[in-house]
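Text of query.cif, listed as mmCIF, C-alpha atoms, pLDDT in the B column; chains and numbers go by the auth columns:
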data_start
#
loop_
_atom_site.group_PDB
_atom_site.id
_atom_site.type_symbol
_atom_site.label_atom_id
_atom_site.label_comp_id
_atom_site.label_asym_id
_atom_site.label_seq_id
_atom_site.Cartn_x
_atom_site.Cartn_y
_atom_site.Cartn_z
_atom_site.B_iso_or_equiv
_atom_site.auth_seq_id
_atom_site.auth_asym_id
ATOM 1 C CA MET A 1 117.258 118.603 76.567 52.00 1 A
ATOM 2 C CA LYS A 2 114.037 120.315 75.517 54.00 2 A
ATOM 3 C CA GLY A 3 115.932 122.431 73.010 60.00 3 A
ATOM 4 C CA ASN A 4 117.560 119.382 71.428 61.00 4 A
ATOM 5 C CA TRP A 5 114.178 117.748 70.828 60.00 5 A
ATOM 6 C CA SER A 6 112.753 120.880 69.215 65.00 6 A
ATOM 7 C CA ILE A 7 115.781 121.128 66.912 68.00 7 A
ATOM 8 C CA PHE A 8 115.491 117.443 66.076 61.00 8 A
ATOM 9 C CA ARG A 9 111.787 117.961 65.361 66.00 9 A
ATOM 10 C CA GLN A 10 112.630 120.879 63.048 69.00 10 A
ATOM 11 C CA VAL A 11 115.140 118.749 61.160 63.00 11 A
ATOM 12 C CA LEU A 12 112.582 115.968 60.772 59.00 12 A
ATOM 13 C CA ASN A 13 109.842 118.356 59.612 64.00 13 A
ATOM 14 C CA ARG A 14 112.128 119.944 57.025 65.00 14 A
ATOM 15 C CA ARG A 15 113.338 116.572 55.799 57.00 15 A
ATOM 16 C CA PHE A 16 109.819 115.168 55.530 54.00 16 A
ATOM 17 C CA SER A 17 108.590 118.259 53.713 55.00 17 A
ATOM 18 C CA THR A 18 111.454 117.716 51.252 50.00 18 A
ATOM 19 C CA LEU A 19 110.438 114.083 50.885 47.00 19 A
ATOM 20 C CA ARG A 20 106.795 114.971 50.340 49.00 20 A
ATOM 21 C CA SER A 21 107.654 117.512 47.650 51.00 21 A
ATOM 22 C CA SER A 22 109.749 115.096 45.593 49.00 22 A
ATOM 23 C CA THR A 23 107.532 113.105 43.260 47.00 23 A
ATOM 24 C CA PRO A 24 109.391 109.913 42.371 49.00 24 A
ATOM 25 C CA SER A 25 109.954 107.556 45.274 46.00 25 A
ATOM 26 C CA SER A 26 113.099 106.112 43.673 44.00 26 A
ATOM 27 C CA ARG A 27 114.709 109.502 44.079 46.00 27 A
ATOM 28 C CA LEU A 28 114.903 108.953 47.842 45.00 28 A
ATOM 29 C CA SER A 29 117.483 106.226 47.598 43.00 29 A
ATOM 30 C CA THR A 30 119.649 107.761 44.853 43.00 30 A
ATOM 31 C CA SER A 31 119.936 111.403 45.807 43.00 31 A
ATOM 32 C CA VAL A 32 119.992 113.242 49.057 45.00 32 A
ATOM 33 C CA ARG A 33 118.992 116.870 49.167 46.00 33 A
ATOM 34 C CA PRO A 34 120.936 118.974 51.652 45.00 34 A
ATOM 35 C CA LEU A 35 119.203 120.599 54.567 44.00 35 A
ATOM 36 C CA VAL A 36 119.155 124.375 54.182 46.00 36 A
ATOM 37 C CA LEU A 37 119.307 126.405 57.387 43.00 37 A
ATOM 38 C CA ALA A 38 120.005 130.009 58.255 46.00 38 A
ATOM 39 C CA PRO A 39 123.793 130.419 58.581 49.00 39 A
ATOM 40 C CA ASN A 40 123.741 132.168 61.957 49.00 40 A
ATOM 41 C CA SER A 41 121.065 130.150 63.684 45.00 41 A
ATOM 42 C CA MET A 42 121.823 127.812 66.550 45.00 42 A
ATOM 43 C CA SER A 43 119.951 125.010 64.832 44.00 43 A
ATOM 44 C CA SER A 44 122.272 125.234 61.832 43.00 44 A
ATOM 45 C CA LEU A 45 125.307 124.905 64.111 44.00 45 A
ATOM 46 C CA ILE A 46 123.819 121.903 65.831 45.00 46 A
ATOM 47 C CA ALA A 47 122.659 120.350 62.551 44.00 47 A
ATOM 48 C CA ARG A 48 126.146 120.656 61.056 46.00 48 A
ATOM 49 C CA ASN A 49 127.818 119.138 64.095 45.00 49 A
ATOM 50 C CA SER A 50 125.284 116.504 65.022 43.00 50 A
ATOM 51 C CA LEU A 51 125.108 112.840 64.212 44.00 51 A
ATOM 52 C CA PHE A 52 121.638 113.248 62.727 43.00 52 A
ATOM 53 C CA THR A 53 122.290 114.786 59.352 42.00 53 A
ATOM 54 C CA ALA A 54 119.570 115.179 56.769 43.00 54 A
ATOM 55 C CA SER A 55 120.993 112.328 54.726 43.00 55 A
ATOM 56 C CA THR A 56 120.572 109.794 57.529 43.00 56 A
ATOM 57 C CA ILE A 57 116.963 110.540 58.350 45.00 57 A
ATOM 58 C CA GLY A 58 114.591 108.524 56.244 44.00 58 A
ATOM 59 C CA PRO A 59 110.822 108.392 55.938 47.00 59 A
ATOM 60 C CA SER A 60 110.448 105.709 58.599 44.00 60 A
ATOM 61 C CA ILE A 61 112.174 106.182 61.922 46.00 61 A
ATOM 62 C CA ASP A 62 112.171 103.502 64.590 47.00 62 A
ATOM 63 C CA PHE A 63 112.859 104.485 68.158 44.00 63 A
ATOM 64 C CA ASN A 64 113.640 101.627 70.487 46.00 64 A
ATOM 65 C CA PHE A 65 112.958 102.754 74.036 43.00 65 A
ATOM 66 C CA SER A 66 113.421 99.294 75.524 44.00 66 A
ATOM 67 C CA ASN A 67 117.200 99.721 75.584 44.00 67 A
ATOM 68 C CA THR A 68 117.090 103.252 76.933 43.00 68 A
ATOM 69 C CA SER A 69 118.276 103.570 80.498 45.00 69 A
ATOM 70 C CA LEU A 70 115.947 105.735 82.528 40.00 70 A
ATOM 71 C CA PRO A 71 116.536 106.877 86.102 41.00 71 A
ATOM 72 C CA ARG A 72 115.050 104.631 88.732 39.00 72 A
ATOM 73 C CA ARG A 73 111.897 105.856 90.416 36.00 73 A
ATOM 74 C CA ARG A 74 112.496 107.125 93.917 37.00 74 A
ATOM 75 C CA SER A 75 109.957 105.993 96.452 38.00 75 A
ATOM 76 C CA PHE A 76 108.982 108.432 99.134 39.00 76 A
ATOM 77 C CA GLY A 77 106.327 106.349 100.778 37.00 77 A
ATOM 78 C CA SER A 78 106.706 103.778 103.470 36.00 78 A
ATOM 79 C CA GLU A 79 108.890 100.864 102.553 38.00 79 A
ATOM 80 C CA ALA A 80 109.355 97.583 104.337 37.00 80 A
ATOM 81 C CA GLY A 81 113.064 97.928 105.092 40.00 81 A
ATOM 82 C CA GLY A 82 113.239 101.610 105.868 50.00 82 A
ATOM 83 C CA GLU A 83 115.768 104.175 104.888 54.00 83 A
ATOM 84 C CA ASN A 84 119.183 104.691 106.390 67.00 84 A
ATOM 85 C CA GLY A 85 118.694 105.762 110.007 77.00 85 A
ATOM 86 C CA VAL A 86 114.889 105.906 109.804 93.00 86 A
ATOM 87 C CA VAL A 87 112.598 103.269 111.347 95.00 87 A
ATOM 88 C CA ILE A 88 109.368 102.767 109.421 94.00 88 A
ATOM 89 C CA VAL A 89 106.303 102.151 111.569 93.00 89 A
ATOM 90 C CA LYS A 90 103.735 99.936 109.816 90.00 90 A
ATOM 91 C CA SER A 91 101.290 98.926 112.536 90.00 91 A
ATOM 92 C CA GLU A 92 99.567 100.284 115.624 90.00 92 A
ATOM 93 C CA GLU A 93 101.582 97.924 117.823 92.00 93 A
ATOM 94 C CA GLU A 94 104.876 99.207 116.382 93.00 94 A
ATOM 95 C CA PHE A 95 103.704 102.787 116.904 93.00 95 A
ATOM 96 C CA ILE A 96 102.751 102.150 120.546 92.00 96 A
ATOM 97 C CA ASN A 97 106.138 100.459 121.172 93.00 97 A
ATOM 98 C CA ALA A 98 107.993 103.389 119.587 94.00 98 A
ATOM 99 C CA MET A 99 105.983 105.915 121.598 93.00 99 A
ATOM 100 C CA SER A 100 106.667 104.019 124.841 93.00 100 A
ATOM 101 C CA LYS A 101 110.413 104.046 124.062 93.00 101 A
ATOM 102 C CA ALA A 102 110.255 107.804 123.561 94.00 102 A
ATOM 103 C CA GLN A 103 108.145 108.530 126.660 93.00 103 A
ATOM 104 C CA ASP A 104 108.838 105.763 129.205 93.00 104 A
ATOM 105 C CA GLU A 105 112.458 104.971 128.382 91.00 105 A
ATOM 106 C CA SER A 106 113.271 108.637 127.661 90.00 106 A
ATOM 107 C CA LEU A 107 115.023 107.845 124.378 92.00 107 A
ATOM 108 C CA PRO A 108 115.505 110.890 122.128 95.00 108 A
ATOM 109 C CA SER A 109 113.103 110.354 119.247 95.00 109 A
ATOM 110 C CA ILE A 110 111.472 112.060 116.301 96.00 110 A
ATOM 111 C CA PHE A 111 108.111 110.991 114.933 96.00 111 A
ATOM 112 C CA TYR A 112 107.819 111.958 111.266 96.00 112 A
ATOM 113 C CA PHE A 113 104.170 111.785 110.145 96.00 113 A
ATOM 114 C CA THR A 114 103.922 111.590 106.373 95.00 114 A
ATOM 115 C CA ALA A 115 101.796 110.363 103.461 94.00 115 A
ATOM 116 C CA VAL A 116 102.668 108.920 100.069 93.00 116 A
ATOM 117 C CA TRP A 117 100.558 111.514 98.219 95.00 117 A
ATOM 118 C CA CYS A 118 102.108 114.507 100.056 96.00 118 A
ATOM 119 C CA GLY A 119 104.380 116.733 97.921 95.00 119 A
ATOM 120 C CA PRO A 120 106.004 118.622 100.830 96.00 120 A
ATOM 121 C CA CYS A 121 106.713 115.250 102.479 96.00 121 A
ATOM 122 C CA ARG A 122 108.657 114.203 99.371 95.00 122 A
ATOM 123 C CA PHE A 123 110.580 117.466 99.552 95.00 123 A
ATOM 124 C CA ILE A 124 111.602 117.129 103.188 96.00 124 A
ATOM 125 C CA SER A 125 112.141 113.352 103.277 94.00 125 A
ATOM 126 C CA PRO A 126 115.797 113.440 102.060 95.00 126 A
ATOM 127 C CA VAL A 127 116.549 116.187 104.598 95.00 127 A
ATOM 128 C CA ILE A 128 115.192 114.024 107.412 95.00 128 A
ATOM 129 C CA VAL A 129 117.295 111.066 106.247 94.00 129 A
ATOM 130 C CA GLU A 130 120.427 113.253 106.235 94.00 130 A
ATOM 131 C CA LEU A 131 119.650 114.649 109.680 94.00 131 A
ATOM 132 C CA SER A 132 119.070 111.151 111.051 93.00 132 A
ATOM 133 C CA LYS A 133 122.603 110.282 109.887 93.00 133 A
ATOM 134 C CA GLN A 134 123.994 113.416 111.570 93.00 134 A
ATOM 135 C CA TYR A 135 122.255 112.577 114.866 94.00 135 A
ATOM 136 C CA PRO A 136 122.702 108.803 115.296 92.00 136 A
ATOM 137 C CA ASP A 137 121.616 108.963 118.987 92.00 137 A
ATOM 138 C CA VAL A 138 118.153 110.113 117.936 94.00 138 A
ATOM 139 C CA THR A 139 115.738 107.504 116.584 95.00 139 A
ATOM 140 C CA THR A 140 113.550 108.774 113.740 96.00 140 A
ATOM 141 C CA TYR A 141 110.238 106.980 113.265 96.00 141 A
ATOM 142 C CA LYS A 142 108.512 107.442 109.913 95.00 142 A
ATOM 143 C CA VAL A 143 104.749 107.018 110.254 95.00 143 A
ATOM 144 C CA ASP A 144 102.478 106.900 107.197 93.00 144 A
ATOM 145 C CA ILE A 145 99.139 108.378 108.291 92.00 145 A
ATOM 146 C CA ASP A 146 97.261 106.326 105.694 90.00 146 A
ATOM 147 C CA GLU A 147 98.573 103.007 107.020 85.00 147 A
ATOM 148 C CA GLY A 148 95.657 100.747 107.946 78.00 148 A
ATOM 149 C CA GLY A 149 95.810 100.219 111.698 80.00 149 A
ATOM 150 C CA ILE A 150 97.631 103.408 112.603 86.00 150 A
ATOM 151 C CA SER A 151 94.984 105.955 111.584 79.00 151 A
ATOM 152 C CA ASN A 152 92.927 105.572 114.791 79.00 152 A
ATOM 153 C CA THR A 153 95.940 106.121 117.026 81.00 153 A
ATOM 154 C CA ILE A 154 97.130 109.088 114.972 82.00 154 A
ATOM 155 C CA SER A 155 93.724 110.778 115.196 81.00 155 A
ATOM 156 C CA LYS A 156 94.188 110.938 118.989 85.00 156 A
ATOM 157 C CA LEU A 157 97.436 112.916 118.456 87.00 157 A
ATOM 158 C CA ASN A 158 95.599 115.665 116.505 86.00 158 A
ATOM 159 C CA ILE A 159 97.761 115.396 113.402 89.00 159 A
ATOM 160 C CA THR A 160 95.998 117.806 111.041 88.00 160 A
ATOM 161 C CA ALA A 161 98.666 118.248 108.349 92.00 161 A
ATOM 162 C CA VAL A 162 101.598 116.396 106.870 94.00 162 A
ATOM 163 C CA PRO A 163 104.508 116.527 107.167 96.00 163 A
ATOM 164 C CA THR A 164 104.370 116.877 110.950 96.00 164 A
ATOM 165 C CA LEU A 165 107.358 116.110 113.146 97.00 165 A
ATOM 166 C CA HIS A 166 107.196 115.560 116.919 96.00 166 A
ATOM 167 C CA PHE A 167 110.447 115.809 118.883 96.00 167 A
ATOM 168 C CA PHE A 168 110.862 113.850 122.124 96.00 168 A
ATOM 169 C CA LYS A 169 113.629 114.257 124.679 95.00 169 A
ATOM 170 C CA GLY A 170 113.718 113.216 128.323 94.00 170 A
ATOM 171 C CA GLY A 171 110.406 111.365 128.058 94.00 171 A
ATOM 172 C CA SER A 172 108.293 114.306 126.898 94.00 172 A
ATOM 173 C CA LYS A 173 107.449 116.129 123.699 94.00 173 A
ATOM 174 C CA LYS A 174 109.783 119.114 123.363 95.00 174 A
ATOM 175 C CA GLY A 175 108.826 120.474 119.956 95.00 175 A
ATOM 176 C CA GLU A 176 106.785 120.188 116.795 95.00 176 A
ATOM 177 C CA VAL A 177 107.316 121.226 113.187 96.00 177 A
ATOM 178 C CA VAL A 178 104.328 121.303 110.844 95.00 178 A
ATOM 179 C CA GLY A 179 105.106 121.657 107.158 95.00 179 A
ATOM 180 C CA ALA A 180 108.306 121.379 105.147 94.00 180 A
ATOM 181 C CA ASP A 181 110.251 124.112 106.958 94.00 181 A
ATOM 182 C CA VAL A 182 113.830 122.866 106.623 95.00 182 A
ATOM 183 C CA THR A 183 115.397 125.766 108.526 96.00 183 A
ATOM 184 C CA LYS A 184 113.090 125.344 111.502 96.00 184 A
ATOM 185 C CA LEU A 185 113.693 121.585 111.463 96.00 185 A
ATOM 186 C CA LYS A 186 117.488 121.947 111.477 95.00 186 A
ATOM 187 C CA ASN A 187 117.444 124.650 114.159 96.00 187 A
ATOM 188 C CA LEU A 188 115.169 122.645 116.456 96.00 188 A
ATOM 189 C CA MET A 189 117.260 119.478 116.068 94.00 189 A
ATOM 190 C CA GLU A 190 120.452 121.376 116.800 95.00 190 A
ATOM 191 C CA GLN A 191 118.841 123.034 119.825 95.00 191 A
ATOM 192 C CA LEU A 192 117.481 119.767 121.268 94.00 192 A
ATOM 193 C CA TYR A 193 120.011 117.090 120.382 92.00 193 A
ATOM 194 C CA LYS A 194 123.506 118.674 120.194 86.00 194 A
#
Output the file's structure in the form of structure tokens.
Amino acid sequence: MKGNWSIFRQVLNRRFSTLRSSTPSSRLSTSVRPLVLAPNSMSSLIARNSLFTASTIGPSIDFNFSNTSLPRRRSFGSEAGGENGVVIVKSEEEFINAMSKAQDESLPSIFYFTAVWCGPCRFISPVIVELSKQYPDVTTYKVDIDEGGISNTISKLNITAVPTLHFFKGGSKKGEVVGADVTKLKNLMEQLYK
């Protein structure tokens, strides 16, 4: 895509330099000067085969970006509904309930500590969603460390970096992954929950 814009820019610059060099303004509407390019250059091949020929580019170009379809922004932070297979924890009470399910009720659980501003968290987030689909018996709790009421409780757990994942099985913590180490994450999940 970057190459197409630079070629388009070259075509515009050459066309505008041609327009600037012609003295009468009436000449613009009556005659069109051809665009001269090197015969073996890639830009000449594209210019000959493109929809934007030199004759269609005029001195004023309007781009309408309102009708352009852009990809939707992906959100990696905490959302109200949660992602497929991942439970989003938004309050201290929800966190305490989730922790009691993991410890007291011995439910297999993963606590995924993350932050909206964290680049490695954005990298590993889709992997965690996929793994939560592969292991439906395991409940994955996504905890944003910057969430208002949760920060005091999280400080007691000694979370010093994000992403951090705590793995619970049989009522106790069986493992921890700090950082976006996908291989270690997959190996530990397979070891604990298969």
Quick one: pull the distance between CA of Glu190 (chain A) and CA of Pro126 (chain A), Å, one decimal.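 Spanning CA of Glu190 (chain A) to CA of Pro126 (chain A) is a straight-line distance of 17.4 Å.
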Can you pull out every residue within 12 Å of Gln191 (chain A), counting all atoms listed in the file, but drop anything in the same chain fewer than 5 positions away, and send it as an NGL selection string? :A and (167 or 169 or 174-175 or 184-186)
Keeping C-alpha atoms for every residue in the selection just given, could you write it to a file as an mmCIF file, in the coordinates of the input?
data_model
loop_
_atom_site.group_PDB
_atom_site.id
_atom_site.type_symbol
_atom_site.label_atom_id
_atom_site.label_comp_id
_atom_site.auth_asym_id
_atom_site.auth_seq_id
_atom_site.Cartn_x
_atom_site.Cartn_y
_atom_site.Cartn_z
ATOM 1 C CA PHE A 167 110.447 115.809 118.883
ATOM 2 C CA LYS A 169 113.629 114.257 124.679
ATOM 3 C CA LYS A 174 109.783 119.114 123.363
ATOM 4 C CA GLY A 175 108.826 120.474 119.956
ATOM 5 C CA LYS A 184 113.090 125.344 111.502
ATOM 6 C CA LEU A 185 113.693 121.585 111.463
ATOM 7 C CA LYS A 186 117.488 121.947 111.477
#
Quick check, in Å to one decimal: how far apart do CA of Ser172 (chain A) and CA of Ser100 (chain A) lie?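 Distance reported for this atom pair: 10.6 Å.
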List every protein, DNA or RNA residue that has at least one atom no more than 12 Å from (115.4, 117.9, 124.2) in the file's coordinates, counting only C-alpha atoms, and write the result as a PyMOL selection string. chain A and resi 102+106-110+138+166-176+188-194
Centre and edges of the region 109-127 of chain A box, axis-aligned, 3 Å extra per side, as AutoDock Vina command-line options:
--center_x 108.6 --center_y 113.8 --center_z 108.6 --size_x 22.0 --size_y 15.7 --size_z 27.3
In Å and to one decimal, CA of Ile88 (chain A) is distant from CA of Tyr141 (chain A) by 5.8 Å
